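Student: Starting off with a structure, shown below.
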Amino acid sequence: MNAISSPKSPKISLLLADVDGTLVTKEKILTDRARAAVHKLWDAGIRFTITSGRPPLGMKMIVDALKLTEPIAPFNGGLFVYPDFSTLEENVLPATTVQEVIKMITAHHLDVWIYRGKDWFVHERHGPHVDREEWTVKFPPTVVSSFDGLLDNVVKIVGVSDDLDAVAKCETDVQQAFSQKVCCQSRASSGGGEQVSAARSQPYYLDVTHPHANKGAVVDRLSQLLEIPRQEIATIGDMPNDVPMFERSGLSIAMGNANADVQQQAQYVTTSYEEEGFANAVEWFILGEQHGASNAKFQSSSAR
C-alpha cells in the first residue's frame, strides 16, 4: 500500500469503532496512541463510541479507560447501554428461533454459547476459546448441561470452532435455512418476526442475533439517538460483521488486518491493529493530519 494525500472527508460528527481487531491490539491492549486519538476526536468536537460482539461487561474496561459518554452497543446492537451499563434497549431472539439455531450449529459440530442479558452460558468450562474469551471479557461463563429453560431473552448465540471451514459453512447454511428470514453480513436492513442476523465476528465465531442486532442497524439507531445524520458518522472495523456499518455510514475505514473482501467494502484502509491502525485512521482519515503521512501506509478502496 502506498501513502496517499489526505482524503477530502465529509463532515464527521461521530466515529463508531469495532473493538477486537480494531481499537485494541491482538493482546487486547488499548495503546497510548489509541487513547490519544480518541482525545483528539473530542478536542475536534467529534463524538466517539464503540460496538462489539462482546457482552456489556466485556466492554467495561474500554468504557472505563476512555471515560466514554455516549451509548454503546454490545452484542452488535443486541443491547444498547449507557456508559454506566444500565440498559437503554435490547433486541432478543424468539425462543423458537433460538432452538432452531442451536440445532443447526450443533449439527455442524460447533460448540454453542448463548448470552442472556449479562450472562454467558456454555456446555464445556474449557471448551474451544472459552478461556480466551473469559480473559478478554473479564468474567467467567456459567456451565450448564442443557440450554433448556434458557431459550427466552437470548441476545446472542455463538457457534465456536477452530475448524474455520466448518464455521464458514455453518454461517452459509444458517443464512440459507432462514432464507427470507435472515439478515446476513452484507445487509443492514432488517424486518420483523422470526428473522436473524448471522455473521462471523472472528474466523472461529459465528454470531447469530436479532435482525436489529447488526452493526448497520447500530449506525441507524445511533443516528436517531444522537440526532446525527448517517452521512456524518464514520465507522472503522475489520470483520465481515463490520461491513453493514460501512454501508450505512458516511465514511468507512477497514483495518489493515481485515481480509481483502472486507477491505474492498470500505472507502479507506489503514494499517493493522498491531501497527496503530486505529490511531493512524483517526489522525489521517478523520482529522486529516498531514504530519507523518510519508511514514504511514494507507490505501483508498476502489469499491466505494
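Residues are named by chain letter and number: chains run A, B, ... in the order of the C-alpha cells, numbers start at 1 in each chain, and ligands are numbered from 1 in the order shown.
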Any chance you could list, as a PyMOL selection string, the residues in region 91-268 of chain A that come up helix (DSSP H, G or I) when DSSP is run on the backbone?
Tutor: chain A and resi 95-107+130-137+164-181+215-226+230-232+240-248+260-264
Student: Determine, using only C-alpha atoms, which residues of region 85-164 of chain A have any atom at most 12 Å from an atom of region 7-27 of chain A, and tabulate each with its shortest atom pair and distance in Å to one decimal place, rows ordered by chain and then rising number, as a tab-separated table.
Tutor:
residue	atom	partner	partner_atom	distance
A:Arg132	CA	A:Glu27	CA	10.4
A:Glu133	CA	A:Asp20	CA	11.4
A:Trp135	CA	A:Glu27	CA	10.1
A:Thr136	CA	A:Glu27	CA	8.8
A:Val137	CA	A:Asp20	CA	11.0
Student: Using CA of Phe147 (chain A) and CA of Phe85 (chain A) as the two end points, give the distance in Å to one decimal.
Tutor: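 Pair CA of Phe147 (chain A) / CA of Phe85 (chain A) returns 25.8 Å.
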Student: In Å to one decimal, how far is CA of Pro240 (chain A) from CA of Ser272 (chain A)?
Tutor: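 If I compute the distance from CA of Ser272 (chain A) to CA of Pro240 (chain A), I get 15.9 Å.
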Student: Quick one: distance from CA of Pro211 (chain A) to CA of Gln195 (chain A) in Å, one decimal?
Tutor: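 Interatomic distance, CA of Pro211 (chain A) to CA of Gln195 (chain A): 5.8 Å.
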Student: Check the smallest atom-to-atom distance from each of A:Ser86, A:Thr270, A:Gln224, A:Thr31 to Leu57 (chain A) using only C-alpha atoms, then report the winner.
Tutor: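 That would be A:Ser86, the residue with the smallest distance to Leu57 (chain A).
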Student: Skip region 250-252 of chain A itself and residues of its chain fewer than 2 positions away, then list as a list in words all residues within 7 Å of it, counting only C-alpha atoms.
Tutor: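 Residues near the query, excluding close chain neighbours: Arg230, Gln231, Glu232, Ile233, Ala234, Thr235, Ile236, Phe246, Arg248, Ala254, Ala266, Gln267 and Tyr268 of chain A.
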Student: Kindly export the residues of the current selection with C-alpha atoms, as a PDB file, in the first residue's frame.
Tutor:
ATOM      1  CA  ARG A 230     -25.657   8.982   8.952  1.00  0.00           C
ATOM      2  CA  GLN A 231     -23.547  10.924   6.465  1.00  0.00           C
ATOM      3  CA  GLU A 232     -21.720  12.480   9.442  1.00  0.00           C
ATOM      4  CA  ILE A 233     -20.899   9.121  11.021  1.00  0.00           C
ATOM      5  CA  ALA A 234     -17.557   7.418  10.350  1.00  0.00           C
ATOM      6  CA  THR A 235     -17.021   3.712  11.029  1.00  0.00           C
ATOM      7  CA  ILE A 236     -13.948   1.514  11.416  1.00  0.00           C
ATOM      8  CA  PHE A 246     -19.555   0.581   6.398  1.00  0.00           C
ATOM      9  CA  ARG A 248     -24.649   2.824   6.404  1.00  0.00           C
ATOM     10  CA  ALA A 254     -11.149  -1.061   7.165  1.00  0.00           C
ATOM     11  CA  ALA A 266     -14.609   0.284   2.892  1.00  0.00           C
ATOM     12  CA  GLN A 267     -13.634   3.639   1.442  1.00  0.00           C
ATOM     13  CA  TYR A 268     -10.199   3.562   3.045  1.00  0.00           C
TER      14      TYR A 268
END
